[in-house]
Structure formats: C-alpha cells, structure tokens
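Asker: Below is model.cif; it holds mmCIF, C-alpha atoms and all ligand atoms.
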data_final
#
loop_
_atom_site.label_atom_id
_atom_site.label_comp_id
_atom_site.auth_asym_id
_atom_site.auth_seq_id
_atom_site.Cartn_x
_atom_site.Cartn_y
_atom_site.Cartn_z
CA MET A 25 -5.48 13.32 18.08
CA SER A 26 -1.82 13.85 17.39
CA GLN A 27 0.02 17.13 16.78
CA SER A 28 2.07 15.27 14.16
CA PHE A 29 1.29 12.86 11.33
CA THR A 30 1.68 9.25 12.48
CA PHE A 31 0.68 5.93 10.87
CA SER A 32 0.37 2.69 12.84
CA VAL A 33 -0.33 -0.79 11.49
CA LEU A 34 -2.66 -2.32 14.11
CA ALA A 35 -3.17 -5.73 12.49
CA THR A 36 -2.29 -7.63 9.34
CA ASP A 37 -3.93 -10.56 7.56
CA GLY A 38 -1.74 -11.71 4.70
CA LYS A 39 -0.80 -8.52 2.89
CA ALA A 40 -3.96 -6.73 4.08
CA ARG A 41 -3.32 -4.08 6.79
CA ARG A 42 -5.60 -2.57 9.38
CA GLY A 43 -4.06 0.76 10.31
CA GLU A 44 -4.64 4.22 11.67
CA ILE A 45 -3.36 7.64 10.62
CA SER A 46 -3.38 10.20 13.43
CA MET A 47 -3.30 13.88 12.51
CA PRO A 48 -4.21 17.13 14.32
CA ARG A 49 -7.62 17.28 12.59
CA GLY A 50 -8.54 13.69 13.31
CA THR A 51 -7.85 9.99 12.99
CA ILE A 52 -8.20 8.06 9.72
CA ARG A 53 -9.10 4.37 10.08
CA THR A 54 -7.52 2.33 7.31
CA PRO A 55 -8.30 0.76 4.93
CA ALA A 56 -10.14 4.01 4.21
CA PHE A 57 -12.37 5.24 1.40
CA MET A 58 -12.21 9.00 0.75
CA PRO A 59 -15.38 10.53 -0.76
CA VAL A 60 -14.44 12.87 -3.60
CA GLY A 61 -15.16 16.52 -2.82
CA THR A 62 -13.63 17.96 -6.00
CA GLY A 63 -14.75 21.59 -5.84
CA GLY A 64 -15.02 21.70 -2.05
CA THR A 65 -18.29 19.78 -2.03
CA VAL A 66 -19.16 16.09 -2.05
CA LYS A 67 -21.82 16.50 -4.73
CA ALA A 68 -25.46 16.16 -3.52
CA MET A 69 -24.40 15.61 0.11
CA TYR A 70 -24.37 17.70 3.27
CA MET A 71 -21.01 17.36 5.03
CA GLU A 72 -22.91 16.16 8.13
CA GLN A 73 -24.17 13.20 6.07
CA VAL A 74 -20.67 12.51 4.71
CA ARG A 75 -19.41 12.34 8.30
CA GLY A 76 -22.50 10.42 9.37
CA VAL A 77 -21.89 7.54 6.97
CA GLY A 78 -18.42 7.12 8.49
CA ALA A 79 -15.96 9.04 6.32
CA ASP A 80 -12.83 10.11 8.26
CA ILE A 81 -11.34 12.12 5.37
CA ILE A 82 -12.47 13.62 2.06
CA LEU A 83 -10.60 14.53 -1.11
CA GLY A 84 -10.31 17.98 -2.70
CA ASN A 85 -8.72 19.02 -5.99
CA THR A 86 -6.07 21.65 -6.60
CA TYR A 87 -7.04 21.93 -10.28
CA HIS A 88 -10.71 22.76 -9.72
CA LEU A 89 -10.21 24.99 -6.67
CA MET A 90 -7.36 27.02 -8.23
CA LEU A 91 -9.65 27.83 -11.17
CA ARG A 92 -12.72 28.53 -9.05
CA PRO A 93 -12.97 30.15 -6.49
CA GLY A 94 -9.13 30.49 -6.49
CA ALA A 95 -6.61 29.27 -3.89
CA GLU A 96 -5.79 32.75 -2.52
CA ARG A 97 -9.53 33.46 -2.12
CA VAL A 98 -10.06 30.19 -0.20
CA ALA A 99 -7.11 31.16 2.02
CA ARG A 100 -8.62 34.62 2.65
CA LEU A 101 -11.84 32.83 3.66
CA GLY A 102 -10.02 30.70 6.25
CA GLY A 103 -8.98 27.65 4.23
CA LEU A 104 -10.91 24.74 2.74
CA HIS A 105 -12.06 23.22 6.07
CA GLU A 106 -13.66 26.51 7.15
CA PHE A 107 -15.00 27.23 3.64
CA ALA A 108 -16.66 23.83 3.20
CA ARG A 109 -17.45 23.25 6.90
CA TRP A 110 -15.51 19.98 7.03
CA PRO A 111 -13.24 20.21 10.14
CA TRP A 112 -11.64 16.76 9.74
CA PRO A 113 -8.72 15.73 7.48
CA ILE A 114 -8.68 16.63 3.77
CA LEU A 115 -6.37 15.13 1.14
CA THR A 116 -5.85 17.20 -2.00
CA ASP A 117 -4.72 15.95 -5.36
CA SER A 118 -1.98 18.03 -6.97
CA GLY A 119 -3.70 19.00 -10.22
CA GLY A 120 -1.53 17.36 -12.88
CA PHE A 121 -3.91 14.50 -13.53
CA GLN A 122 -6.91 16.83 -13.85
CA VAL A 123 -5.00 19.21 -16.16
CA MET A 124 -4.29 16.31 -18.53
CA SER A 125 -7.88 15.04 -18.40
CA LEU A 126 -9.86 18.30 -18.29
CA SER A 127 -7.99 21.30 -19.66
CA LYS A 128 -7.32 22.39 -23.24
CA LEU A 129 -4.21 23.79 -24.93
CA ARG A 130 -1.83 22.41 -22.36
CA LYS A 131 1.97 22.45 -22.64
CA LEU A 132 4.10 20.27 -20.41
CA THR A 133 7.81 20.97 -19.80
CA GLU A 134 10.36 20.18 -17.07
CA THR A 135 9.26 23.39 -15.34
CA GLY A 136 5.62 22.36 -15.08
CA VAL A 137 2.42 22.47 -17.09
CA THR A 138 0.70 25.48 -18.67
CA PHE A 139 -2.94 25.18 -19.69
CA ARG A 140 -6.11 27.05 -20.37
CA SER A 141 -8.92 26.71 -17.85
CA HIS A 142 -11.90 24.60 -18.99
CA VAL A 143 -14.02 27.12 -17.03
CA ASP A 144 -13.13 30.42 -18.69
CA GLY A 145 -10.14 29.82 -20.96
CA VAL A 146 -7.76 31.81 -18.74
CA ARG A 147 -4.11 30.62 -18.99
CA TYR A 148 -2.48 29.08 -15.90
CA GLU A 149 0.88 27.56 -15.01
CA LEU A 150 1.14 24.71 -12.51
CA THR A 151 4.64 23.85 -11.30
CA PRO A 152 5.59 21.47 -8.47
CA GLU A 153 6.23 24.51 -6.27
CA ARG A 154 2.93 26.23 -7.20
CA SER A 155 0.96 23.02 -6.62
CA ILE A 156 2.38 22.70 -3.08
CA GLU A 157 1.77 26.43 -2.53
CA ILE A 158 -1.90 26.04 -3.59
CA GLN A 159 -2.38 22.98 -1.38
CA GLY A 160 -0.90 25.01 1.49
CA LEU A 161 -3.28 27.91 0.78
CA LEU A 162 -6.16 25.39 0.93
CA ASP A 163 -4.71 24.27 4.30
CA SER A 164 -4.77 20.68 3.04
CA ASP A 165 -3.71 18.03 5.54
CA ILE A 166 -2.31 15.47 3.06
CA GLN A 167 -0.82 17.01 -0.07
CA MET A 168 0.10 15.12 -3.23
CA GLN A 169 3.20 15.73 -5.31
CA LEU A 170 2.69 17.09 -8.82
CA ASP A 171 3.20 14.21 -11.24
CA GLU A 172 2.60 13.23 -14.84
CA CYS A 173 0.19 10.37 -15.33
CA VAL A 174 0.35 8.69 -18.76
CA ALA A 175 -2.86 7.16 -20.15
CA LEU A 176 -2.49 3.48 -20.99
CA PRO A 177 -1.66 1.86 -23.36
CA ALA A 178 1.50 3.90 -24.01
CA GLU A 179 5.00 3.43 -25.45
CA ARG A 180 7.56 2.33 -22.84
CA LYS A 181 9.82 5.34 -23.56
CA GLU A 182 6.89 7.69 -22.94
CA ILE A 183 6.06 5.95 -19.66
CA GLU A 184 9.75 6.09 -18.65
CA ARG A 185 10.08 9.80 -19.50
CA ALA A 186 6.97 10.70 -17.46
CA MET A 187 8.00 8.49 -14.54
CA GLU A 188 11.48 10.00 -14.31
CA MET A 189 10.18 13.56 -14.57
CA SER A 190 7.65 12.75 -11.83
CA LEU A 191 10.57 11.66 -9.62
CA ARG A 192 12.33 15.00 -10.21
CA TRP A 193 9.03 16.77 -9.45
CA ALA A 194 8.73 14.73 -6.24
CA GLU A 195 12.10 16.11 -5.08
CA ARG A 196 10.95 19.67 -5.89
CA CYS A 197 7.64 19.13 -4.06
CA LYS A 198 9.47 17.71 -1.04
CA ALA A 199 11.71 20.81 -0.96
CA ALA A 200 8.74 23.17 -1.40
CA PHE A 201 6.70 21.39 1.28
CA GLY A 202 9.54 21.54 3.80
CA ASP A 203 8.79 20.35 7.33
CA GLN A 204 5.13 20.69 8.41
CA PRO A 205 4.70 18.32 11.43
CA GLY A 206 0.88 18.04 11.42
CA LYS A 207 0.69 17.58 7.66
CA ALA A 208 2.03 15.16 5.06
CA MET A 209 3.20 15.22 1.45
CA PHE A 210 2.82 11.92 -0.42
CA GLY A 211 4.91 10.83 -3.39
CA ILE A 212 3.15 9.15 -6.33
CA VAL A 213 4.54 5.99 -7.93
CA GLN A 214 4.32 6.03 -11.70
CA GLY A 215 5.62 3.60 -14.33
CA GLY A 216 2.48 2.59 -16.21
CA ASP A 217 2.14 -1.16 -16.80
CA ASP A 218 5.91 -1.75 -16.87
CA ALA A 219 7.23 -3.77 -13.90
CA ALA A 220 10.81 -2.48 -14.04
CA LEU A 221 9.68 1.16 -14.24
CA ARG A 222 7.26 0.65 -11.33
CA VAL A 223 10.04 -0.82 -9.18
CA ARG A 224 12.43 2.01 -10.08
CA SER A 225 9.82 4.65 -9.27
CA ALA A 226 8.83 3.04 -5.95
CA GLN A 227 12.43 2.54 -4.82
CA ALA A 228 13.43 6.12 -5.69
CA LEU A 229 10.43 7.53 -3.82
CA ALA A 230 11.06 5.23 -0.83
CA ALA A 231 14.59 6.66 -0.65
CA MET A 232 13.09 10.15 -0.27
CA ASP A 233 11.63 9.07 3.11
CA LEU A 234 8.20 10.66 2.54
CA LYS A 235 5.27 10.35 4.98
CA GLY A 236 3.12 8.35 2.58
CA TYR A 237 3.03 6.86 -0.90
CA ALA A 238 0.35 6.90 -3.59
CA VAL A 239 0.23 4.49 -6.50
CA GLY A 240 -0.73 6.59 -9.50
CA GLY A 241 -0.95 5.95 -13.22
CA LEU A 242 -3.56 3.25 -12.71
CA ALA A 243 -7.35 3.19 -13.15
CA VAL A 244 -6.63 4.93 -16.44
CA GLY A 245 -8.23 2.37 -18.74
CA GLU A 246 -6.16 -0.72 -18.07
CA PRO A 247 -7.80 -4.09 -17.29
CA GLN A 248 -8.22 -4.85 -13.57
CA ALA A 249 -5.71 -7.72 -13.91
CA VAL A 250 -3.01 -5.28 -15.07
CA MET A 251 -3.78 -2.90 -12.19
CA LEU A 252 -3.55 -5.76 -9.67
CA GLU A 253 -0.32 -7.05 -11.21
CA MET A 254 1.21 -3.57 -10.83
CA LEU A 255 0.18 -3.60 -7.14
CA ASP A 256 1.82 -7.00 -6.67
CA ILE A 257 5.02 -5.46 -8.03
CA THR A 258 4.84 -2.01 -6.42
CA CYS A 259 3.62 -2.54 -2.83
CA PRO A 260 6.57 -4.72 -1.70
CA GLU A 261 8.93 -1.89 -2.73
CA LEU A 262 7.17 0.66 -0.49
CA PRO A 263 7.98 1.08 3.23
CA ALA A 264 5.68 -1.14 5.34
CA ASP A 265 5.31 1.56 8.00
CA LYS A 266 3.90 4.22 5.65
CA PRO A 267 0.35 4.53 4.21
CA ARG A 268 -0.26 3.37 0.63
CA TYR A 269 -2.95 5.18 -1.38
CA LEU A 270 -4.28 3.80 -4.70
CA MET A 271 -5.52 6.85 -6.60
CA GLY A 272 -8.87 6.84 -8.39
CA VAL A 273 -9.91 3.35 -7.28
CA GLY A 274 -12.47 1.99 -7.44
CA THR A 275 -15.36 -0.43 -7.59
CA PRO A 276 -16.08 -2.49 -4.45
CA ASP A 277 -14.41 -5.45 -6.17
CA ASP A 278 -11.30 -3.33 -6.99
CA ILE A 279 -11.13 -2.30 -3.33
CA LEU A 280 -11.31 -5.85 -1.94
CA LYS A 281 -8.62 -7.07 -4.31
CA SER A 282 -6.36 -4.05 -3.68
CA VAL A 283 -6.66 -4.28 0.13
CA ALA A 284 -5.56 -7.92 -0.26
CA ARG A 285 -2.38 -6.57 -1.95
CA GLY A 286 -1.53 -4.05 0.78
CA ILE A 287 -3.37 -0.83 -0.13
CA ASP A 288 -4.61 1.37 2.76
CA MET A 289 -6.42 4.32 1.12
CA PHE A 290 -8.80 4.78 -1.81
CA ASP A 291 -10.73 7.52 -3.56
CA CYS A 292 -13.15 7.24 -6.46
CA VAL A 293 -15.99 9.24 -8.03
CA MET A 294 -17.87 5.97 -8.65
CA PRO A 295 -20.31 6.06 -5.68
CA THR A 296 -21.15 9.76 -6.02
CA ARG A 297 -21.27 9.86 -9.83
CA ALA A 298 -23.33 6.64 -9.99
CA GLY A 299 -25.77 8.10 -7.44
CA ARG A 300 -26.42 11.06 -9.73
CA HIS A 301 -27.11 8.65 -12.59
CA GLY A 302 -29.69 6.52 -10.78
CA LEU A 303 -27.40 3.64 -9.83
CA ALA A 304 -27.43 2.17 -6.30
CA TYR A 305 -24.64 0.08 -4.80
CA THR A 306 -25.90 -2.51 -2.31
CA ARG A 307 -24.55 -5.59 -0.61
CA ARG A 308 -26.64 -7.59 -3.10
CA GLY A 309 -25.08 -5.91 -6.13
CA LYS A 310 -25.92 -2.83 -8.23
CA VAL A 311 -29.52 -1.69 -8.80
CA ASN A 312 -30.35 0.60 -11.71
CA LEU A 313 -33.33 2.58 -10.47
CA ARG A 314 -34.09 3.86 -13.96
CA ASN A 315 -35.32 0.37 -14.83
CA ALA A 316 -39.12 0.15 -15.16
CA ARG A 317 -39.22 -3.08 -13.13
CA HIS A 318 -38.92 -0.93 -9.98
CA ALA A 319 -42.00 1.17 -10.77
CA GLU A 320 -44.21 -0.58 -8.18
CA ASP A 321 -41.62 -2.25 -5.97
CA HIS A 322 -42.44 -1.12 -2.44
CA ARG A 323 -39.26 -2.66 -0.95
CA PRO A 324 -36.41 -0.39 0.18
CA LEU A 325 -32.93 -0.98 -1.24
CA ASP A 326 -31.90 -2.79 1.96
CA GLU A 327 -34.16 -3.04 4.98
CA GLU A 328 -31.19 -3.90 7.23
CA SER A 329 -29.17 -0.78 6.46
CA ALA A 330 -28.50 1.96 9.03
CA CYS A 331 -28.76 4.57 6.26
CA PRO A 332 -32.23 6.22 5.97
CA ALA A 333 -31.86 6.54 2.19
CA THR A 334 -31.31 2.78 1.95
CA ARG A 335 -33.79 1.65 4.58
CA ASP A 336 -36.78 4.04 4.44
CA TYR A 337 -37.55 4.75 0.77
CA SER A 338 -39.21 2.34 -1.63
CA ARG A 339 -37.58 1.44 -4.91
CA ALA A 340 -40.75 2.69 -6.56
CA TYR A 341 -40.23 6.14 -5.07
CA LEU A 342 -36.53 6.18 -6.00
CA HIS A 343 -37.50 5.07 -9.53
CA HIS A 344 -40.00 7.93 -9.73
CA LEU A 345 -37.44 10.49 -8.54
CA VAL A 346 -34.81 9.25 -11.00
CA ARG A 347 -37.20 9.13 -13.94
CA SER A 348 -38.47 12.64 -13.03
CA GLN A 349 -34.87 13.90 -12.66
CA GLU A 350 -35.75 15.19 -9.21
CA ALA A 351 -32.76 16.49 -7.18
CA LEU A 352 -33.83 14.25 -4.30
CA GLY A 353 -33.13 11.20 -6.45
CA ALA A 354 -29.44 12.10 -6.77
CA MET A 355 -29.31 13.04 -3.09
CA LEU A 356 -30.79 9.79 -1.77
CA LEU A 357 -28.80 7.52 -4.10
CA THR A 358 -25.54 9.34 -3.40
CA TRP A 359 -26.25 8.99 0.30
CA ASN A 360 -26.98 5.28 -0.18
CA ASN A 361 -23.83 4.71 -2.22
CA LEU A 362 -21.46 6.47 0.19
CA ALA A 363 -23.11 4.63 3.09
CA TYR A 364 -22.56 1.34 1.28
CA TYR A 365 -18.90 2.13 0.52
CA GLN A 366 -18.22 3.12 4.13
CA SER A 367 -19.98 0.00 5.44
CA LEU A 368 -17.78 -2.05 3.08
CA MET A 369 -14.65 -0.37 4.50
CA GLN A 370 -15.84 -1.02 8.09
CA ASP A 371 -16.50 -4.65 7.16
CA ILE A 372 -12.98 -4.91 5.67
CA ARG A 373 -11.32 -3.31 8.74
CA ALA A 374 -13.16 -5.70 11.10
CA ALA A 375 -12.27 -8.73 8.98
CA ILE A 376 -8.54 -7.86 9.02
CA GLU A 377 -8.69 -7.39 12.81
CA ALA A 378 -10.40 -10.81 13.09
CA ARG A 379 -7.81 -12.32 10.70
CA ASN A 380 -10.53 -13.64 8.39
CA PHE A 381 -10.27 -11.12 5.55
CA ALA A 382 -10.05 -13.68 2.71
CA ALA A 383 -13.15 -15.56 3.89
CA ARG A 384 -15.13 -12.34 4.46
CA ALA A 385 -14.09 -10.98 1.05
CA ALA A 386 -15.42 -14.17 -0.55
CA GLU A 387 -18.75 -13.80 1.31
CA ILE A 388 -19.08 -10.15 0.27
CA THR A 389 -18.36 -11.07 -3.34
CA GLU A 390 -20.98 -13.86 -3.25
CA GLY A 391 -23.50 -11.30 -1.96
CA TRP A 392 -23.03 -9.18 -5.06
CA ALA A 393 -23.51 -12.20 -7.29
CA ARG A 394 -26.83 -12.96 -5.56
CA GLY A 395 -28.07 -10.07 -7.59
CA ASP A 396 -30.98 -7.80 -6.93
CA ILE A 397 -33.46 -10.14 -5.32
N1 LIG B 1 -6.36 7.25 -11.55
C1 LIG B 1 -5.73 8.38 -11.05
C2 LIG B 1 -6.49 9.33 -10.35
C3 LIG B 1 -5.88 10.47 -9.84
C4 LIG B 1 -4.51 10.68 -10.02
N2 LIG B 1 -3.91 11.80 -9.53
C5 LIG B 1 -2.59 11.99 -9.73
N3 LIG B 1 -2.02 13.12 -9.23
N4 LIG B 1 -1.81 11.11 -10.39
C6 LIG B 1 -2.36 9.98 -10.90
O1 LIG B 1 -1.56 9.13 -11.55
C7 LIG B 1 -3.74 9.72 -10.73
C8 LIG B 1 -4.35 8.56 -11.24
#
Translate the structure of the given file into structure tokens.
Ligand SMILES: Nc1ccc2nc(N)nc(O)c2c1
Answerer:
Amino acid sequence: MSQSFTFSVLATDGKARRGEISMPRGTIRTPAFMPVGTGGTVKAMYMEQVRGVGADIILGNTYHLMLRPGAERVARLGGLHEFARWPWPILTDSGGFQVMSLSKLRKLTETGVTFRSHVDGVRYELTPERSIEIQGLLDSDIQMQLDECVALPAERKEIERAMEMSLRWAERCKAAFGDQPGKAMFGIVQGGDDAALRVRSAQALAAMDLKGYAVGGLAVGEPQAVMLEMLDITCPELPADKPRYLMGVGTPDDILKSVARGIDMFDCVMPTRAGRHGLAYTRRGKVNLRNARHAEDHRPLDEESACPATRDYSRAYLHHLVRSQEALGAMLLTWNNLAYYQSLMQDIRAAIEARNFAARAAEITEGWARGDI
C-alpha cells in the first residue's frame, strides 16, 4: 500500500500493458474491470462477493449520490467507503454524463449544468468545482473531471465546442482538486469520432500533467470499429506512464480489443444489468436463461468455475428463478457475470505477463464462438 497514488507498468505485450496502481486504500491490478456501484451498491451483490470475485476497485456516481442520499449526508456518515462497507479504492464519475442521459430540463453553460432531478424534480447546479467538492465529500479515491459528452453522430462544430469546454473544465477541476497525495483526479479525452479533435484534446490534457486519463465520449452508440479507431488515435497521445481508462466499456470483446490498444481500466453496467435480465456471460458465450430450452438442463453454467453461482446451480433452476422473477435469479446471474468478467481480466493480465496476449485473446474469442454447448 502506498501513501500516494503511483502507477507502474510491469510488463507490455505490443500495446497491451500489465500494470499496477498503488493507493492508500489498496492496489489495483491492471488491466482492471470496475463493477458499477452507481448508488453506492453493486446491484444484487454483497460487497464481500464483489471483493470475492476479484474486484480491486468499484465505481460510484456523483449524479446519483448527490440526488440521493446527498453528498453532505454521505460525508456526515463517514464517506462512501464507510457507508457502503467497501474499504478498498472507489472511482467516481463526475456527473455530467449522467445529467445528460438521465435528467430533465437541463441547461448547460460555461459555468456548468443546471438540471432537475429525475428522482424528485428538485433543481440542481453542477459546476466543475461542485463536482470535485461532491467527490471529495464522498471521499472518492479517483475523481473524474466534469466534462460534456456529445452523443454520436454529431456535427463537428458541436463536438469541437464540447471538447474545448471540457478542456476548460479540466483546468477548473484540477485547480479545485488541488494536491491530494493519496488520491487522483483524471482528465477525460473528448472529441467524438473526429481524429484531429481527439488528438487536440489528448495533447492538451497531457500538458496538464494529471495522474490519469480517461477516454470519454465513446460507447455512446458508435460502431465498435469507430471506437477502436479513436483508441488507435488517442492512446499514443497520452503519457505512457499514466493509467488510461475507457469509460463505459464494455463487452468482453470490446475489452480484449481495447486492451490490445493500450487501455488499462474499464467500467460497464453490462455484466450487472444483464444478470438482472436473465443473461449469463460464460467462457463459452452468452446464455439466455429465459429460454425454455434450459427448463430441464441439469448442467451448471460452467462446472470448472470457482464461482458457486456458476458451478453449483443447474440451468434448469436458474431458468425457473428467472421465469418466476425471483430475486435470487438476479443475484446468482449477477454473481456469475461479475465472476466471469474478473476471470477474463485475470486471464488478460496473465497473458500480457507471459507475452502471449494476442494468442490468448484469439483462444478466448474462439471459446465464445463455440456457443452454449
Ligand atoms: N460512455 C461513457 C460513460 C461514462 C462517461 N462519463 C463521463 N464523465 N464522460 C463520458 O464521456 C462518459 C462516456
């Protein structure tokens, strides 16, 4: 454990990096997948299980927590780690993305964004300074700048305006964050699907000498090929000795292809949301447990898994739970999915260390194509 925030690249294989972030609350093995704990909970999971499947860090959200229960209240209760009983690192998103995707009646200016809560209609203002203040009240370990993410496709001038304002907001967030040795504030590269804007954003953020860099404005409806092309353009412009975090990504296939382009950190609601909708991720591909063909299938999802949800319960039972909308169905499938995602990340980390990432990625991909035998 380190009293400051440090990132070390332990091995590389092509552009793929095996690294480690050391912080006071723990070490993060990269490439890392961060389970999404939006409202201070990883839905349908006990935090002991989240830790047990191998997560080193979880994600929280400024937007949701400022609306309910409130950032000052969480602070009065000892901060998010104490509140949610997760003592290891937490990364919090800054709220801008969620405002644009969840709230109503929002108004965005140079100062910040005003909006009405989707919970109770109360009016709020989120500025770069207030976002950093909220993330501080939550006692977040890795804090994200407030940015403006433009949904794609979009006009170039709109993408440029949002990217440049996000750079000015990054400066304001850096000033508001100040110097907090055991914590980090990451900048967020914007620029949509425009190569020149992506380069300009990445270079300007790199010049700010931040502790880490997120690639935002992707996984917003663009084809995977466009996302990957933007990574090919953006990653080389970011400092090699700082972590790179691709926000909101992704499927197991997205993760393999993004690690190959130099990404170190991921977060996505896919495994938890899919678990609540009856979908299981396995090394043989996805299994939709709602499907009647599972009704008398006594096999578990994967007899070789270390996860009890994956190894000990028949597909027939999981099918029954899902069809009956039993809470246990969501719990077991979420557990399975997070266990699969973490086992994928462990597999990736080991392959980079062994310098055979490309070959292992091809084997993993073939496994999915084998389908649900
Ligand atoms: N796909 C995503 C997901 C989360 C994001 N959060 C922020 N702050 N900015 C973005 O561009 C995001 C994109």
Asker: Restricting the calculation to only C-alpha atoms, which member of A:Pro205, A:Ile287, A:Glu320, A:Met294 is positioned closest to Ile372 (chain A)?
Answerer: A:Ile287
Asker: Please extract the residues at most 6 Å from ligand LIG 1 (chain B), counting all atoms listed in the file, and provide them as a PDB file with C-alpha atoms, keeping the file's coordinate frame, using the chain letters and residue numbers of this document.
Answerer:
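Contents of the output file selection.pdb:
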ATOM      1  CA  ASP A 117      -4.720  15.950  -5.360  1.00  0.00           C
ATOM      2  CA  SER A 118      -1.980  18.030  -6.970  1.00  0.00           C
ATOM      3  CA  GLY A 120      -1.530  17.360 -12.880  1.00  0.00           C
ATOM      4  CA  PHE A 121      -3.910  14.500 -13.530  1.00  0.00           C
ATOM      5  CA  ASP A 171       3.200  14.210 -11.240  1.00  0.00           C
ATOM      6  CA  CYS A 173       0.190  10.370 -15.330  1.00  0.00           C
ATOM      7  CA  GLY A 240      -0.730   6.590  -9.500  1.00  0.00           C
ATOM      8  CA  GLY A 241      -0.950   5.950 -13.220  1.00  0.00           C
ATOM      9  CA  LEU A 242      -3.560   3.250 -12.710  1.00  0.00           C
ATOM     10  CA  ALA A 243      -7.350   3.190 -13.150  1.00  0.00           C
ATOM     11  CA  VAL A 244      -6.630   4.930 -16.440  1.00  0.00           C
ATOM     12  CA  MET A 271      -5.520   6.850  -6.600  1.00  0.00           C
ATOM     13  CA  GLY A 272      -8.870   6.840  -8.390  1.00  0.00           C
TER      14      GLY A 272
END
Asker: In Å, how far is it from CA of Thr275 (chain A) to CA of Ala386 (chain A)?
Answerer: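 A separation of 15.4 Å between them.
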Asker: So which residues touch Arg42 (chain A) within 6 Å, counting all atoms listed in the file, skipping near sequence neighbours fewer than 4 positions away, as a ChimeraX atom specification?
Answerer: /A:33-35,54,373
Asker: Using all atoms listed in the file, pick whichever of A:Met69, A:Ile52, A:Ala319, A:Leu132 has the shortest atom-to-atom distance to Asn360 (chain A).
Answerer: A:Met69
Asker: May I ask for the distance between CA of Val137 (chain A) and CA of Val123 (chain A), given in Å to one decimal place?
Answerer: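 These two atoms are separated by 8.2 Å.
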Asker: Neighbouring residues of Gly245 (chain A) were defined as those with any atom within 9 Å, considering all atoms listed in the file; residues of the same chain fewer than 2 positions away were excluded. Please report them as a list in words.
Answerer: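 Selected residues are Ala175, Leu176, Pro177, Leu242, Ala243, Pro247 and Gln248 of chain A.
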Asker: Using only C-alpha atoms, pick whichever of A:Ala354, A:Val223, A:Arg335, A:Trp392 has the shortest atom-to-atom distance to Thr306 (chain A).
Answerer: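 Among the listed residues, the smallest separation from Thr306 (chain A) belongs to A:Trp392.
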Asker: Counting only C-alpha atoms, find the residues whose atoms lie at most 7 Å from (-7.0, 24.0, -20.5) (file coordinates) and write them out as an NGL selection string.
Answerer: :A and (123 or 126-130 or 139-142 or 145)
Asker: Hey, can you pull every residue with an atom no more than 8 Å from (-12.9, 28.0, -2.9), using only C-alpha atoms, and send it as a ChimeraX atom specification?
Answerer: /A:63-64,89-90,92-95,97-98,104,107
Asker: Could you tell me how far CA of Leu255 (chain A) lies from CA of Ala231 (chain A), in Å and to one decimal?
Answerer: 18.8 Å
Asker: Need to verify the contact set: Ser26 (chain A), 9 Å, all atoms listed in the file, exclusion of same-chain residues closer than 4 positions in sequence. Can you return it as a ChimeraX atom specification?
Answerer: /A:30,46-51,206
Asker: For Asn85 (chain A), which of A:Val273, A:Ala340, A:Ile114, A:Ala374 is the closest residue, counting all atoms listed in the file?
Answerer: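 Nearest to Asn85 (chain A): A:Ile114.
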Asker: Quick one: residues within 10 Å of Gln204 (chain A), all atoms listed in the file counted, chain neighbours fewer than 3 positions away excluded, as a list in words?
Answerer: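 The filter keeps Ser28, Phe29, Asp165, Phe201, Lys207, Ala208 and Met209 of chain A.
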Asker: Using the selection just defined, write its residues with C-alpha atoms as a PDB file, in the frame of the given file.
Answerer:
ATOM      1  CA  SER A  28       2.070  15.270  14.160  1.00  0.00           C
ATOM      2  CA  PHE A  29       1.290  12.860  11.330  1.00  0.00           C
ATOM      3  CA  ASP A 165      -3.710  18.030   5.540  1.00  0.00           C
ATOM      4  CA  PHE A 201       6.700  21.390   1.280  1.00  0.00           C
ATOM      5  CA  LYS A 207       0.690  17.580   7.660  1.00  0.00           C
ATOM      6  CA  ALA A 208       2.030  15.160   5.060  1.00  0.00           C
ATOM      7  CA  MET A 209       3.200  15.220   1.450  1.00  0.00           C
TER       8      MET A 209
END
Asker: So that I can see what lies close to region 181-193 of chain A, please list as a short mmCIF file (atom, residue, chain, number, x, y, z; two decimals) with C-alpha atoms, in the frame of the given file the residues with an atom at most 10 Å from it, counting all atoms listed in the file and leaving out residues fewer than 4 positions away in the same chain.
Answerer:
data_model
loop_
_atom_site.label_atom_id
_atom_site.label_comp_id
_atom_site.auth_asym_id
_atom_site.auth_seq_id
_atom_site.Cartn_x
_atom_site.Cartn_y
_atom_site.Cartn_z
CA THR A 133 7.81 20.97 -19.80
CA GLU A 134 10.36 20.18 -17.07
CA THR A 135 9.26 23.39 -15.34
CA GLY A 136 5.62 22.36 -15.08
CA THR A 151 4.64 23.85 -11.30
CA PRO A 152 5.59 21.47 -8.47
CA GLU A 153 6.23 24.51 -6.27
CA GLN A 169 3.20 15.73 -5.31
CA LEU A 170 2.69 17.09 -8.82
CA ASP A 171 3.20 14.21 -11.24
CA GLU A 172 2.60 13.23 -14.84
CA CYS A 173 0.19 10.37 -15.33
CA VAL A 174 0.35 8.69 -18.76
CA ALA A 175 -2.86 7.16 -20.15
CA LEU A 176 -2.49 3.48 -20.99
CA PRO A 177 -1.66 1.86 -23.36
CA CYS A 197 7.64 19.13 -4.06
CA LYS A 198 9.47 17.71 -1.04
CA ALA A 199 11.71 20.81 -0.96
CA GLY A 211 4.91 10.83 -3.39
CA ILE A 212 3.15 9.15 -6.33
CA VAL A 213 4.54 5.99 -7.93
CA GLN A 214 4.32 6.03 -11.70
CA GLY A 215 5.62 3.60 -14.33
CA GLY A 216 2.48 2.59 -16.21
CA ASP A 217 2.14 -1.16 -16.80
CA ASP A 218 5.91 -1.75 -16.87
CA ALA A 220 10.81 -2.48 -14.04
CA LEU A 221 9.68 1.16 -14.24
CA ARG A 222 7.26 0.65 -11.33
CA ARG A 224 12.43 2.01 -10.08
CA SER A 225 9.82 4.65 -9.27
CA ALA A 226 8.83 3.04 -5.95
CA ALA A 228 13.43 6.12 -5.69
CA LEU A 229 10.43 7.53 -3.82
CA MET A 232 13.09 10.15 -0.27
CA GLY A 241 -0.95 5.95 -13.22
#
Asker: Would you mind telling me which residue in A:Glu106, A:Asp203, A:Asp291, A:Glu261 lies nearest to Tyr365 (chain A) when using all atoms listed in the file?
Answerer: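 Of A:Glu106, A:Asp203, A:Asp291, A:Glu261, the one nearest Tyr365 (chain A) is A:Asp291, counting all atoms listed in the file.
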Asker: I'd like to know which of A:Lys67, A:Pro263, A:Ser348, A:Gln366 is closest to Ile81 (chain A), using all atoms listed in the file.
Answerer: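 Of A:Lys67, A:Pro263, A:Ser348, A:Gln366, the one nearest Ile81 (chain A) is A:Gln366, counting all atoms listed in the file.
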